[in-house]
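> Input structure-v8.cif, format and content: mmCIF, C-alpha atoms and all ligand atoms.
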```
data_final
#
loop_
_atom_site.label_atom_id
_atom_site.label_comp_id
_atom_site.auth_asym_id
_atom_site.auth_seq_id
_atom_site.Cartn_x
_atom_site.Cartn_y
_atom_site.Cartn_z
CA MET T 159 109.33 106.96 64.19
CA THR T 160 106.21 107.01 66.33
CA LYS T 161 106.68 105.89 69.91
CA ARG T 162 105.84 102.26 70.41
CA ALA T 163 103.11 101.50 72.93
CA ASP T 164 104.52 99.96 76.11
CA LEU T 165 102.66 96.75 76.95
CA LEU T 166 104.04 96.79 80.51
CA GLY T 167 102.12 99.98 81.31
CA MET T 168 98.75 98.57 80.20
CA THR T 169 96.14 96.94 82.40
CA PRO T 170 95.25 93.41 81.17
CA GLU T 171 92.08 94.80 79.55
CA GLU T 172 94.00 97.55 77.74
CA MET T 173 96.60 95.04 76.61
CA GLU T 174 93.94 92.71 75.28
CA LYS T 175 92.36 95.52 73.28
CA ALA T 176 95.66 96.79 71.87
CA LEU T 177 96.81 93.30 70.90
CA GLY T 178 93.36 92.45 69.53
CA ARG T 179 93.49 95.47 67.20
CA HIS T 180 97.05 94.67 66.18
CA PHE T 181 96.39 91.05 65.30
CA SER T 182 93.08 91.73 63.59
CA HIS T 183 94.81 94.25 61.26
CA ARG T 184 97.27 91.53 60.48
CA ASP T 185 94.58 88.90 59.87
CA GLN T 186 95.92 86.75 62.62
CA PRO T 187 93.80 84.38 64.71
CA ARG T 188 92.37 85.73 67.95
CA TYR T 189 94.32 83.26 70.11
CA ARG T 190 97.52 85.21 69.37
CA VAL T 191 96.33 87.78 71.94
CA ALA T 192 96.29 85.23 74.76
CA GLN T 193 99.59 83.80 73.61
CA VAL T 194 101.30 87.17 73.86
CA GLN T 195 99.59 88.00 77.17
CA ARG T 196 100.94 84.76 78.64
CA TRP T 197 104.44 85.59 77.46
CA VAL T 198 104.21 89.07 78.92
CA LEU T 199 102.47 88.38 82.23
CA GLU T 200 103.31 84.77 83.08
CA THR T 201 106.55 83.80 81.37
CA LEU T 202 107.91 87.35 81.80
CA ALA T 203 109.61 87.24 78.39
CA PRO T 204 112.26 89.96 78.18
CA ASP T 205 111.46 90.72 74.50
CA PHE T 206 109.22 89.67 71.61
CA GLY T 207 112.02 87.60 70.10
CA ALA T 208 111.63 85.15 72.99
CA MET T 209 107.98 84.41 72.10
CA THR T 210 108.84 81.21 70.30
CA ASN T 211 105.32 79.94 69.56
CA LEU T 212 104.71 82.97 67.31
CA PRO T 213 105.81 83.05 63.67
CA GLY T 214 108.96 85.12 63.05
CA GLU T 215 107.11 87.83 61.11
CA GLU T 216 104.62 88.24 63.97
CA ARG T 217 107.46 88.70 66.45
CA ASP T 218 108.95 91.36 64.17
CA ALA T 219 105.60 93.11 63.76
CA LEU T 220 105.11 93.18 67.53
CA THR T 221 108.58 94.63 68.00
CA LYS T 222 107.72 97.43 65.56
CA SER T 223 104.45 98.35 67.27
CA PHE T 224 105.06 97.65 70.95
CA SER T 225 107.75 97.78 73.62
CA LEU T 226 108.35 95.82 76.81
CA ASN T 227 109.90 98.67 78.69
CA GLU T 228 111.71 97.29 81.71
CA PRO T 229 114.17 99.43 83.66
CA GLY T 230 117.84 98.60 83.28
CA CYS T 231 119.65 97.28 86.31
CA ALA T 232 122.26 99.85 87.38
CA MET T 233 123.34 97.98 90.51
CA VAL T 234 122.47 94.97 92.67
CA SER T 235 123.57 94.84 96.33
CA ARG T 236 123.11 91.86 98.58
CA SER T 237 122.97 92.19 102.33
CA SER T 238 124.37 89.57 104.69
CA ASP T 239 120.80 89.16 106.01
CA GLY T 240 119.47 88.13 102.58
CA THR T 241 117.97 91.48 101.58
CA VAL T 242 118.71 92.44 97.97
CA LYS T 243 118.56 95.98 96.66
CA HIS T 244 118.21 96.77 92.96
CA LEU T 245 118.97 100.18 91.63
CA TRP T 246 117.02 100.65 88.38
CA ARG T 247 117.83 103.08 85.61
CA LEU T 248 114.72 104.42 83.88
CA GLU T 249 114.55 105.43 80.22
CA ASP T 250 115.53 109.05 80.93
CA GLY T 251 118.35 108.10 83.31
CA GLU T 252 116.47 108.60 86.61
CA LEU T 253 117.36 106.05 89.25
CA VAL T 254 114.94 104.31 91.61
CA GLU T 255 115.31 101.47 94.08
CA SER T 256 113.42 98.34 94.86
CA VAL T 257 114.29 95.82 97.54
CA LEU T 258 113.63 92.09 97.91
CA ILE T 259 113.19 91.08 101.52
CA PRO T 260 113.03 87.36 102.31
CA GLY T 261 110.98 86.41 105.35
CA LYS T 262 109.38 83.35 106.89
CA GLY T 263 107.66 81.68 103.95
CA ARG T 264 107.46 84.88 102.00
CA MET T 265 109.39 87.15 99.69
CA THR T 266 108.40 90.78 99.90
CA LEU T 267 109.21 93.29 97.22
CA CYS T 268 109.41 96.93 98.24
CA ILE T 269 108.94 99.23 95.24
CA SER T 270 109.16 102.92 94.38
CA SER T 271 106.33 105.09 93.06
CA GLN T 272 108.27 108.29 92.36
CA ALA T 273 111.84 109.34 91.67
CA GLY T 274 112.44 111.32 94.87
CA CYS T 275 109.53 112.65 96.96
CA GLY T 276 108.02 116.08 97.45
CA MET T 277 106.60 115.52 100.94
CA GLY T 278 109.68 116.69 102.82
CA CYS T 279 109.37 114.56 105.96
CA THR T 280 112.19 115.71 108.22
CA PHE T 281 113.51 112.22 109.06
CA CYS T 282 113.54 110.80 105.52
CA ALA T 283 116.49 110.76 103.15
CA THR T 284 114.25 110.61 100.07
CA GLY T 285 112.35 113.66 101.29
CA PHE T 286 115.50 115.74 101.46
CA GLY T 287 116.18 115.33 97.75
CA GLY T 288 112.73 116.63 96.71
CA LEU T 289 110.57 115.23 93.91
CA ARG T 290 112.31 114.57 90.62
CA ARG T 291 109.36 113.06 88.79
CA ASN T 292 106.42 110.69 88.98
CA LEU T 293 106.91 107.17 87.71
CA THR T 294 104.52 105.85 85.08
CA ALA T 295 102.28 102.83 85.79
CA GLY T 296 104.61 100.80 83.59
CA GLU T 297 107.70 101.91 85.49
CA ILE T 298 106.06 100.96 88.79
CA ALA T 299 104.83 97.54 87.64
CA ALA T 300 108.03 96.77 85.72
CA GLN T 301 109.99 96.85 89.00
CA TYR T 302 107.91 93.83 89.98
CA ARG T 303 108.47 92.08 86.65
CA ALA T 304 112.23 92.57 86.63
CA SER T 305 112.57 91.63 90.31
CA GLN T 306 110.42 88.53 89.94
CA ARG T 307 112.52 87.30 87.02
CA TRP T 308 115.70 88.01 88.99
CA SER T 309 114.43 86.27 92.13
CA MET T 310 113.39 83.17 90.17
CA ALA T 311 116.67 83.03 88.26
CA GLU T 312 118.59 83.24 91.55
CA GLY T 313 116.57 80.38 93.02
CA LEU T 314 115.01 82.64 95.65
CA GLY T 315 111.44 81.79 94.65
CA PRO T 316 108.52 83.97 93.64
CA ILE T 317 107.58 87.29 95.17
CA SER T 318 104.63 86.85 97.52
CA ASN T 319 104.01 90.41 98.75
CA VAL T 320 104.47 93.91 97.39
CA VAL T 321 104.79 97.02 99.56
CA PHE T 322 104.95 100.62 98.32
CA MET T 323 107.62 101.65 100.79
CA GLY T 324 110.44 102.52 98.43
CA MET T 325 111.00 106.01 97.10
CA GLY T 326 108.10 108.39 96.80
CA GLU T 327 104.58 108.97 98.06
CA PRO T 328 102.32 106.60 96.11
CA LEU T 329 99.11 108.56 96.75
CA ALA T 330 100.73 111.69 95.30
CA ASN T 331 101.01 109.77 92.01
CA ARG T 332 97.54 108.23 91.79
CA LYS T 333 97.36 108.58 88.02
CA ALA T 334 100.05 105.89 87.79
CA LEU T 335 99.48 104.10 91.12
CA PHE T 336 95.91 102.99 90.46
CA PRO T 337 96.56 101.36 87.08
CA ALA T 338 99.79 99.88 88.52
CA LEU T 339 97.73 98.25 91.30
CA THR T 340 95.47 96.74 88.65
CA ILE T 341 98.45 95.49 86.65
CA LEU T 342 100.04 93.87 89.71
CA ASN T 343 96.79 92.36 90.91
CA ARG T 344 94.98 91.25 87.73
CA GLY T 345 98.00 91.15 85.40
CA TYR T 346 100.69 89.49 87.48
CA ASP T 347 98.20 87.91 89.89
CA VAL T 348 99.52 89.33 93.16
CA GLY T 349 96.59 89.08 95.60
CA ALA T 350 95.21 92.46 96.68
CA ARG T 351 95.71 91.59 100.35
CA ARG T 352 99.35 91.01 99.57
CA ILE T 353 99.80 94.53 98.26
CA THR T 354 100.31 97.35 100.78
CA VAL T 355 100.17 101.01 99.88
CA SER T 356 102.09 103.10 102.41
CA THR T 357 101.13 106.76 102.64
CA VAL T 358 102.07 109.75 104.70
CA GLY T 359 98.38 110.73 104.82
CA LEU T 360 97.05 112.19 101.57
CA VAL T 361 93.35 112.17 102.45
CA PRO T 362 91.86 112.25 98.92
CA GLY T 363 94.10 109.34 97.96
CA ILE T 364 93.07 107.28 101.00
CA LEU T 365 89.42 107.89 100.12
CA GLU T 366 90.02 106.89 96.52
CA LEU T 367 91.76 103.70 97.62
CA ALA T 368 88.82 102.96 99.92
CA ARG T 369 86.50 103.07 96.90
CA ARG T 370 88.44 100.36 95.09
CA PRO T 371 86.63 97.03 95.25
CA GLU T 372 89.85 95.08 95.89
CA GLN T 373 91.15 94.69 99.43
CA PHE T 374 94.47 96.43 99.07
CA ARG T 375 96.18 97.05 102.38
CA LEU T 376 96.94 100.50 103.68
CA ALA T 377 99.78 101.61 105.92
CA LEU T 378 99.70 105.11 107.37
CA SER T 379 103.05 106.62 108.27
CA LEU T 380 101.94 108.22 111.51
CA HIS T 381 105.12 108.85 113.54
CA ALA T 382 103.38 111.04 116.13
CA PRO T 383 100.08 110.59 117.93
CA ASP T 384 99.15 114.29 117.96
CA SER T 385 99.05 117.08 115.43
CA GLU T 386 101.59 119.40 117.10
CA LEU T 387 104.38 116.86 117.13
CA ARG T 388 103.44 115.33 113.79
CA ARG T 389 103.74 118.74 112.12
CA THR T 390 107.46 118.82 112.99
CA LEU T 391 108.06 115.44 111.32
CA VAL T 392 105.53 115.41 108.49
CA PRO T 393 104.94 118.79 106.79
CA LEU T 394 101.80 117.39 105.10
CA GLU T 395 100.15 117.59 108.53
CA ASP T 396 99.50 121.28 107.78
CA ARG T 397 97.41 120.36 104.74
CA TYR T 398 95.76 117.23 106.10
CA PRO T 399 95.66 117.36 109.90
CA LEU T 400 95.59 114.14 111.86
CA ALA T 401 91.87 114.37 112.65
CA GLU T 402 91.06 114.43 108.94
CA VAL T 403 93.47 111.59 108.20
CA VAL T 404 91.89 109.50 110.97
CA GLY T 405 88.46 110.23 109.45
CA ALA T 406 89.72 108.94 106.10
CA LEU T 407 91.09 105.80 107.79
CA ARG T 408 87.67 105.15 109.30
CA THR T 409 86.12 105.42 105.84
CA PHE T 410 88.75 103.01 104.53
CA ASP T 411 87.99 100.60 107.36
CA ALA T 412 84.25 100.89 106.86
CA ALA T 413 84.71 99.99 103.18
CA GLY T 414 85.11 96.45 104.49
CA GLY T 415 87.78 94.07 105.67
CA LYS T 416 90.64 96.34 104.76
CA ARG T 417 93.37 96.15 107.32
CA ILE T 418 95.20 99.28 108.39
CA THR T 419 98.72 99.45 109.74
CA LEU T 420 100.21 102.44 111.54
CA GLU T 421 103.91 102.97 110.94
CA TYR T 422 105.73 104.67 113.78
CA THR T 423 109.42 105.49 113.43
CA LEU T 424 110.94 105.82 116.90
CA ILE T 425 113.37 108.73 117.24
CA HIS T 426 115.19 109.11 120.53
CA GLY T 427 113.77 111.92 122.64
CA VAL T 428 111.49 113.11 119.84
CA ASN T 429 108.45 110.81 119.73
CA ASP T 430 109.30 107.91 122.08
CA HIS T 431 107.95 109.20 125.42
CA PRO T 432 105.51 106.99 127.38
CA VAL T 433 102.84 109.68 127.04
CA GLN T 434 103.10 109.32 123.28
CA ALA T 435 102.91 105.53 123.57
CA ARG T 436 99.66 105.84 125.53
CA LYS T 437 98.15 108.21 122.96
CA LEU T 438 99.25 105.96 120.12
CA GLY T 439 97.78 102.96 121.94
CA ASP T 440 94.40 104.71 122.24
CA LEU T 441 94.39 105.69 118.57
CA ALA T 442 95.42 102.23 117.34
CA TRP T 443 92.86 100.55 119.59
CA ASP T 444 90.15 102.83 118.36
CA LEU T 445 91.05 102.18 114.71
CA LYS T 446 91.64 98.44 115.31
CA ALA T 447 94.95 99.09 113.59
CA PHE T 448 98.16 97.11 113.75
CA VAL T 449 101.27 99.09 114.78
CA ASN T 450 104.74 98.70 113.34
CA LEU T 451 107.43 100.26 115.51
CA ILE T 452 110.49 101.06 113.43
CA PRO T 453 113.75 102.23 115.01
CA PHE T 454 114.76 105.44 113.21
CA ASN T 455 117.47 104.83 110.66
CA PRO T 456 119.97 107.71 110.92
CA ILE T 457 120.35 109.84 107.81
CA PRO T 458 122.73 112.63 106.82
CA TYR T 459 121.42 116.18 107.50
CA GLN T 460 119.91 115.18 110.86
CA ASP T 461 121.60 114.37 114.13
CA TRP T 462 118.67 112.38 115.52
CA ARG T 463 119.32 108.91 116.87
CA PRO T 464 117.13 105.82 117.03
CA SER T 465 115.45 105.15 120.35
CA SER T 466 117.47 102.87 122.60
CA PRO T 467 116.38 99.21 122.88
CA GLU T 468 115.19 99.92 126.45
CA ARG T 469 113.02 102.82 125.35
CA ILE T 470 111.63 100.79 122.47
CA GLN T 471 110.75 97.95 124.85
CA ALA T 472 109.08 100.36 127.26
CA PHE T 473 107.13 101.96 124.42
CA ALA T 474 106.08 98.55 123.12
CA ALA T 475 105.04 97.38 126.60
CA ILE T 476 102.58 100.26 126.86
CA LEU T 477 100.99 99.30 123.53
CA GLU T 478 100.85 95.66 124.58
CA GLY T 479 99.26 96.67 127.86
CA ARG T 480 96.57 98.42 125.84
CA GLY T 481 96.01 95.19 123.86
CA VAL T 482 97.15 96.61 120.55
CA GLY T 483 98.55 94.28 117.85
CA MET T 484 102.07 95.40 117.17
CA ALA T 485 105.54 94.43 116.04
CA ILE T 486 108.99 95.87 116.53
CA ARG T 487 110.71 95.86 113.18
CA GLU T 488 114.34 95.10 112.86
CA PRO T 489 116.16 97.10 110.26
CA ARG T 490 117.12 94.93 107.30
CA GLY T 491 119.87 95.37 104.77
CA ARG T 492 121.75 97.94 106.83
CA ASP T 493 125.06 96.95 105.29
CA ILE T 494 123.79 97.73 101.79
CA ASP T 495 121.96 100.87 102.83
CA ALA T 496 118.63 99.25 102.06
CA ALA T 497 117.23 100.14 105.45
CA CYS T 498 117.13 103.84 104.75
CA GLY T 499 113.74 103.60 106.35
CA GLN T 500 111.80 103.17 103.18
CA LEU T 501 112.08 99.49 103.08
CA ARG T 502 111.05 97.36 105.92
CA ALA T 503 107.85 97.25 107.87
CA GLU T 504 105.07 94.93 106.59
CA ALA T 505 107.75 92.83 105.07
CA LEU T 506 109.51 91.72 108.16
CA SER T 507 108.96 88.84 110.43
CA GLY T 508 110.00 88.33 114.02
CA GLY T 509 107.82 90.97 115.64
CA ARG T 510 105.49 90.25 118.52
CA THR T 511 101.78 90.13 118.15
CA VAL T 512 99.25 90.71 120.86
CA ARG T 513 95.73 91.01 119.55
CA GLY T 514 94.93 88.49 116.80
CA ALA T 515 95.36 91.20 114.15
CA GLY T 516 98.85 89.77 113.68
CA ALA T 517 101.56 90.36 111.16
CA GLU T 518 101.11 87.51 108.73
N1 LIG T 601 105.89 107.90 101.20
C1 LIG T 601 105.32 106.76 101.79
C2 LIG T 601 106.04 105.47 101.42
C3 LIG T 601 107.53 105.52 101.35
S1 LIG T 601 108.36 105.84 102.86
C4 LIG T 601 105.26 106.91 103.29
O1 LIG T 601 105.84 107.85 103.83
O2 LIG T 601 104.59 106.10 103.91
C5 LIG T 601 108.19 104.24 103.62
C6 LIG T 601 108.38 104.23 105.12
O3 LIG T 601 109.74 104.52 105.49
C7 LIG T 601 107.52 105.25 105.83
O4 LIG T 601 106.84 104.63 106.89
C8 LIG T 601 108.55 106.23 106.32
O5 LIG T 601 108.07 106.92 107.41
C9 LIG T 601 109.74 105.35 106.64
N2 LIG T 601 110.99 106.09 106.80
C10 LIG T 601 111.46 107.08 106.04
N3 LIG T 601 112.67 107.50 106.49
C11 LIG T 601 112.98 106.74 107.57
C12 LIG T 601 114.10 106.68 108.47
N4 LIG T 601 115.13 107.49 108.33
N5 LIG T 601 114.09 105.75 109.46
C13 LIG T 601 113.04 104.90 109.59
N6 LIG T 601 111.94 104.91 108.80
C14 LIG T 601 111.90 105.82 107.78
FE1 LIG T 602 108.16 111.01 101.09
FE2 LIG T 602 107.49 108.90 102.62
FE3 LIG T 602 109.93 110.04 102.79
FE4 LIG T 602 107.83 111.37 103.71
S1 LIG T 602 108.62 109.40 104.49
S2 LIG T 602 109.46 112.24 102.45
S3 LIG T 602 106.27 110.79 102.25
S4 LIG T 602 109.08 108.97 101.03
#
```
The structure given in the file should be rewritten as structure tokens.
Ligand code: SAH
Ligand code: SF4


Amino acid sequence: MTKRADLLGMTPEEMEKALGRHFSHRDQPRYRVAQVQRWVLETLAPDFGAMTNLPGEERDALTKSFSLNEPGCAMVSRSSDGTVKHLWRLEDGELVESVLIPGKGRMTLCISSQAGCGMGCTFCATGFGGLRRNLTAGEIAAQYRASQRWSMAEGLGPISNVVFMGMGEPLANRKALFPALTILNRGYDVGARRITVSTVGLVPGILELARRPEQFRLALSLHAPDSELRRTLVPLEDRYPLAEVVGALRTFDAAGGKRITLEYTLIHGVNDHPVQARKLGDLAWDLKAFVNLIPFNPIPYQDWRPSSPERIQAFAAILEGRGVGMAIREPRGRDIDAACGQLRAEALSGGRTVRGAGAE
């Protein structure tokens, strides 16, 4: 049997074409295309059998030619703070996570772009496991579809924001990321400004994102304000040194109205010295960037600790003194291991804001 084409991995335009061809071969009216697209993208029908305004033989024909390839749910964990983690099983058995994070008037979904990650950051649990494989565009976007259906069914309301802060480095999987962004934005109608791509600093990817006409948000995982220190935390620094990454951020910024966030994980005695706060303040000010301070979430294989609340406050005070918009992020979902660092940031409320840049 030939492999059925997965509708969930197609951009709306591709889906329209594929369905158009299918229905025209079957001498069906053109409006069938829009009917199916509504079932797929708005109603989030789990299968073709559910598409009740189509004749039975058309549902069967669709099932023979196409799939709606959603990941299977391997586990759901709910945190006492409302955070919900899904563990998804992909077709070949790989497991990836996504996390729903309720906030003030919003529901943020944190999704994965790869199974594992090849970037090897020394503070990240995902990095220690290495890259297993890239996800397809369909596998990325289907995390949204399955989570949205789950959230609605549980009475938690619709997803308002999507952040690429789960497993993997999204800009190392651009072949799937870019169509997935289109599917989320034009297919499922998630506003571009409500989608944040978080990267460890892959310069060509940042430049490619800057060329997109939509105003997707970018978060740079910075973690150190100078190259020497950053190299010890983020091995990619050797390939794309900070100066080059900052150049790419400027290009992104110049592409118009695209807000940048700097993510800074605070590790006790490693990157939380006042000197580093001052350097970070200068950089953020210069880039007009918003800063998220994230207490390090301890992982196996490393005996680092998060910075103490006093040190975090002192660090934050220096940024505030510099007039930089910033927030201290509280870890969410600790009790279900959802806060393994990948998951919070943009999503969370309760931080402080100085300069109008504000966390929305
Ligand atoms: N690869 C991308 C996106 C996934 S990681 C990136 O690095 O940006 C998402 C966020 O989780 C990053 O900001 C990363 O630095 C952070 N993170 C990873 N491990 C962490 C840990 N142990 N404690 C706190 N934050 C962590
Ligand atoms: Fe990969 Fe991001 Fe973890 Fe670094 S922090 S290893 S880029 S997932």

> As an exercise, work out the distance from CA of Ser385 (chain T) to CA of Met323 (chain T) in Å and give it to one decimal place.

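Separation between CA of Ser385 (chain T) and CA of Met323 (chain T): 22.9 Å.
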
> Emit as lines of an AutoDock Vina configuration file the padded axis-aligned box for all listed atoms of ligand LIG 602 (chain T), 3 Å per side, with centre and edge lengths in Å to one decimal.


```
center_x = 108.1
center_y = 110.6
center_z = 102.8
size_x = 9.7
size_y = 9.3
size_z = 9.5
```

> Just to confirm, what's the straight-line distance from CA of Val403 (chain T) to CA of Asn343 (chain T) in Å (one decimal)?

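One can read the CA of Val403 (chain T) to CA of Asn343 (chain T) distance as 26.1 Å.
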
> Nearest to ligand LIG 601 (chain T): which of T:Ser356, T:Ser309, T:Asn450, T:Gln471 is it, counting all atoms listed in the file?

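Smallest separation from ligand LIG 601 (chain T) among the options: T:Ser356.
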
> Which residues form the shell of 7 Å around ligand LIG 601 (chain T) when you count all atoms listed in the file, given as a ChimeraX atom specification?

/T:281-283,322-328,356-358,377-379,421-423,452-457,498-501

> Between CA of Gly288 (chain T) and CA of Gly274 (chain T), what is the spacing in Å?

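Pair CA of Gly274 (chain T) / CA of Gly288 (chain T) returns 5.6 Å.
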
> Within 7 Å of Ala338 (chain T), counting all atoms listed in the file, which residues qualify if same-chain residues fewer than 3 places away don't, as a short mmCIF file (atom, residue, chain, number, x, y, z; two decimals) with C-alpha atoms, keeping the file's coordinate frame?


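Result file follows (result.cif):
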```cif
data_model
loop_
_atom_site.label_atom_id
_atom_site.label_comp_id
_atom_site.auth_asym_id
_atom_site.auth_seq_id
_atom_site.Cartn_x
_atom_site.Cartn_y
_atom_site.Cartn_z
CA ALA T 295 102.28 102.83 85.79
CA GLY T 296 104.61 100.80 83.59
CA ILE T 298 106.06 100.96 88.79
CA ALA T 299 104.83 97.54 87.64
CA ALA T 334 100.05 105.89 87.79
CA LEU T 335 99.48 104.10 91.12
CA ILE T 341 98.45 95.49 86.65
CA LEU T 342 100.04 93.87 89.71
#
```

> Using all atoms listed in the file, pick whichever of T:Val191, T:Leu202, T:Gly491, T:Ser235 has the shortest atom-to-atom distance to Glu216 (chain T).

T:Val191

> Can you take the partial region 343-365 of chain T, add N, CA and C atoms, and return it as a PDB file, in the coordinates of the input?


```pdb
ATOM      1  N   ASN T 343      97.814  93.248  90.390  1.00  0.00           N
ATOM      2  CA  ASN T 343      96.790  92.360  90.910  1.00  0.00           C
ATOM      3  C   ASN T 343      96.178  91.467  89.824  1.00  0.00           C
ATOM      4  N   ARG T 344      95.650  92.066  88.761  1.00  0.00           N
ATOM      5  CA  ARG T 344      94.980  91.250  87.730  1.00  0.00           C
ATOM      6  C   ARG T 344      95.923  90.799  86.628  1.00  0.00           C
ATOM      7  N   GLY T 345      97.027  91.540  86.421  1.00  0.00           N
ATOM      8  CA  GLY T 345      98.000  91.150  85.400  1.00  0.00           C
ATOM      9  C   GLY T 345      98.936  90.070  85.920  1.00  0.00           C
ATOM     10  N   TYR T 346      99.688  90.430  86.961  1.00  0.00           N
ATOM     11  CA  TYR T 346     100.690  89.490  87.480  1.00  0.00           C
ATOM     12  C   TYR T 346     100.145  88.594  88.599  1.00  0.00           C
ATOM     13  N   ASP T 347      98.859  88.795  88.949  1.00  0.00           N
ATOM     14  CA  ASP T 347      98.200  87.910  89.890  1.00  0.00           C
ATOM     15  C   ASP T 347      98.755  87.974  91.319  1.00  0.00           C
ATOM     16  N   VAL T 348      99.150  89.140  91.753  1.00  0.00           N
ATOM     17  CA  VAL T 348      99.520  89.330  93.160  1.00  0.00           C
ATOM     18  C   VAL T 348      98.234  89.676  93.912  1.00  0.00           C
ATOM     19  N   GLY T 349      97.856  88.869  94.891  1.00  0.00           N
ATOM     20  CA  GLY T 349      96.590  89.080  95.600  1.00  0.00           C
ATOM     21  C   GLY T 349      96.528  90.479  96.214  1.00  0.00           C
ATOM     22  N   ALA T 350      95.335  91.085  96.171  1.00  0.00           N
ATOM     23  CA  ALA T 350      95.210  92.460  96.680  1.00  0.00           C
ATOM     24  C   ALA T 350      95.635  92.565  98.142  1.00  0.00           C
ATOM     25  N   ARG T 351      95.331  91.535  98.930  1.00  0.00           N
ATOM     26  CA  ARG T 351      95.710  91.590 100.350  1.00  0.00           C
ATOM     27  C   ARG T 351      97.200  91.441 100.560  1.00  0.00           C
ATOM     28  N   ARG T 352      97.888  91.116  99.486  1.00  0.00           N
ATOM     29  CA  ARG T 352      99.350  91.010  99.570  1.00  0.00           C
ATOM     30  C   ARG T 352     100.040  92.248  99.002  1.00  0.00           C
ATOM     31  N   ILE T 353      99.228  93.271  98.762  1.00  0.00           N
ATOM     32  CA  ILE T 353      99.800  94.530  98.260  1.00  0.00           C
ATOM     33  C   ILE T 353      99.486  95.627  99.283  1.00  0.00           C
ATOM     34  N   THR T 354     100.513  96.289  99.780  1.00  0.00           N
ATOM     35  CA  THR T 354     100.310  97.350 100.780  1.00  0.00           C
ATOM     36  C   THR T 354     100.759  98.690 100.222  1.00  0.00           C
ATOM     37  N   VAL T 355      99.832  99.645 100.269  1.00  0.00           N
ATOM     38  CA  VAL T 355     100.170 101.010  99.880  1.00  0.00           C
ATOM     39  C   VAL T 355     100.502 101.776 101.158  1.00  0.00           C
ATOM     40  N   SER T 356     101.693 102.327 101.227  1.00  0.00           N
ATOM     41  CA  SER T 356     102.090 103.100 102.410  1.00  0.00           C
ATOM     42  C   SER T 356     102.013 104.575 102.071  1.00  0.00           C
ATOM     43  N   THR T 357     101.300 105.332 102.918  1.00  0.00           N
ATOM     44  CA  THR T 357     101.130 106.760 102.640  1.00  0.00           C
ATOM     45  C   THR T 357     101.417 107.595 103.881  1.00  0.00           C
ATOM     46  N   VAL T 358     101.810 108.832 103.617  1.00  0.00           N
ATOM     47  CA  VAL T 358     102.070 109.750 104.700  1.00  0.00           C
ATOM     48  C   VAL T 358     100.772 110.466 105.109  1.00  0.00           C
ATOM     49  N   GLY T 359      99.681 110.210 104.379  1.00  0.00           N
ATOM     50  CA  GLY T 359      98.380 110.730 104.820  1.00  0.00           C
ATOM     51  C   GLY T 359      97.673 111.655 103.843  1.00  0.00           C
ATOM     52  N   LEU T 360      97.772 111.374 102.570  1.00  0.00           N
ATOM     53  CA  LEU T 360      97.050 112.190 101.570  1.00  0.00           C
ATOM     54  C   LEU T 360      95.577 111.756 101.565  1.00  0.00           C
ATOM     55  N   VAL T 361      94.741 112.563 102.207  1.00  0.00           N
ATOM     56  CA  VAL T 361      93.350 112.170 102.450  1.00  0.00           C
ATOM     57  C   VAL T 361      92.591 111.804 101.161  1.00  0.00           C
ATOM     58  N   PRO T 362      92.639 112.631 100.117  1.00  0.00           N
ATOM     59  CA  PRO T 362      91.860 112.250  98.920  1.00  0.00           C
ATOM     60  C   PRO T 362      92.305 110.902  98.348  1.00  0.00           C
ATOM     61  N   GLY T 363      93.580 110.617  98.456  1.00  0.00           N
ATOM     62  CA  GLY T 363      94.100 109.340  97.960  1.00  0.00           C
ATOM     63  C   GLY T 363      93.603 108.171  98.794  1.00  0.00           C
ATOM     64  N   ILE T 364      93.571 108.351 100.119  1.00  0.00           N
ATOM     65  CA  ILE T 364      93.070 107.280 101.000  1.00  0.00           C
ATOM     66  C   ILE T 364      91.613 106.991 100.657  1.00  0.00           C
ATOM     67  N   LEU T 365      90.840 108.076 100.433  1.00  0.00           N
ATOM     68  CA  LEU T 365      89.420 107.890 100.120  1.00  0.00           C
ATOM     69  C   LEU T 365      89.233 107.199  98.770  1.00  0.00           C
TER      70      LEU T 365
END
```
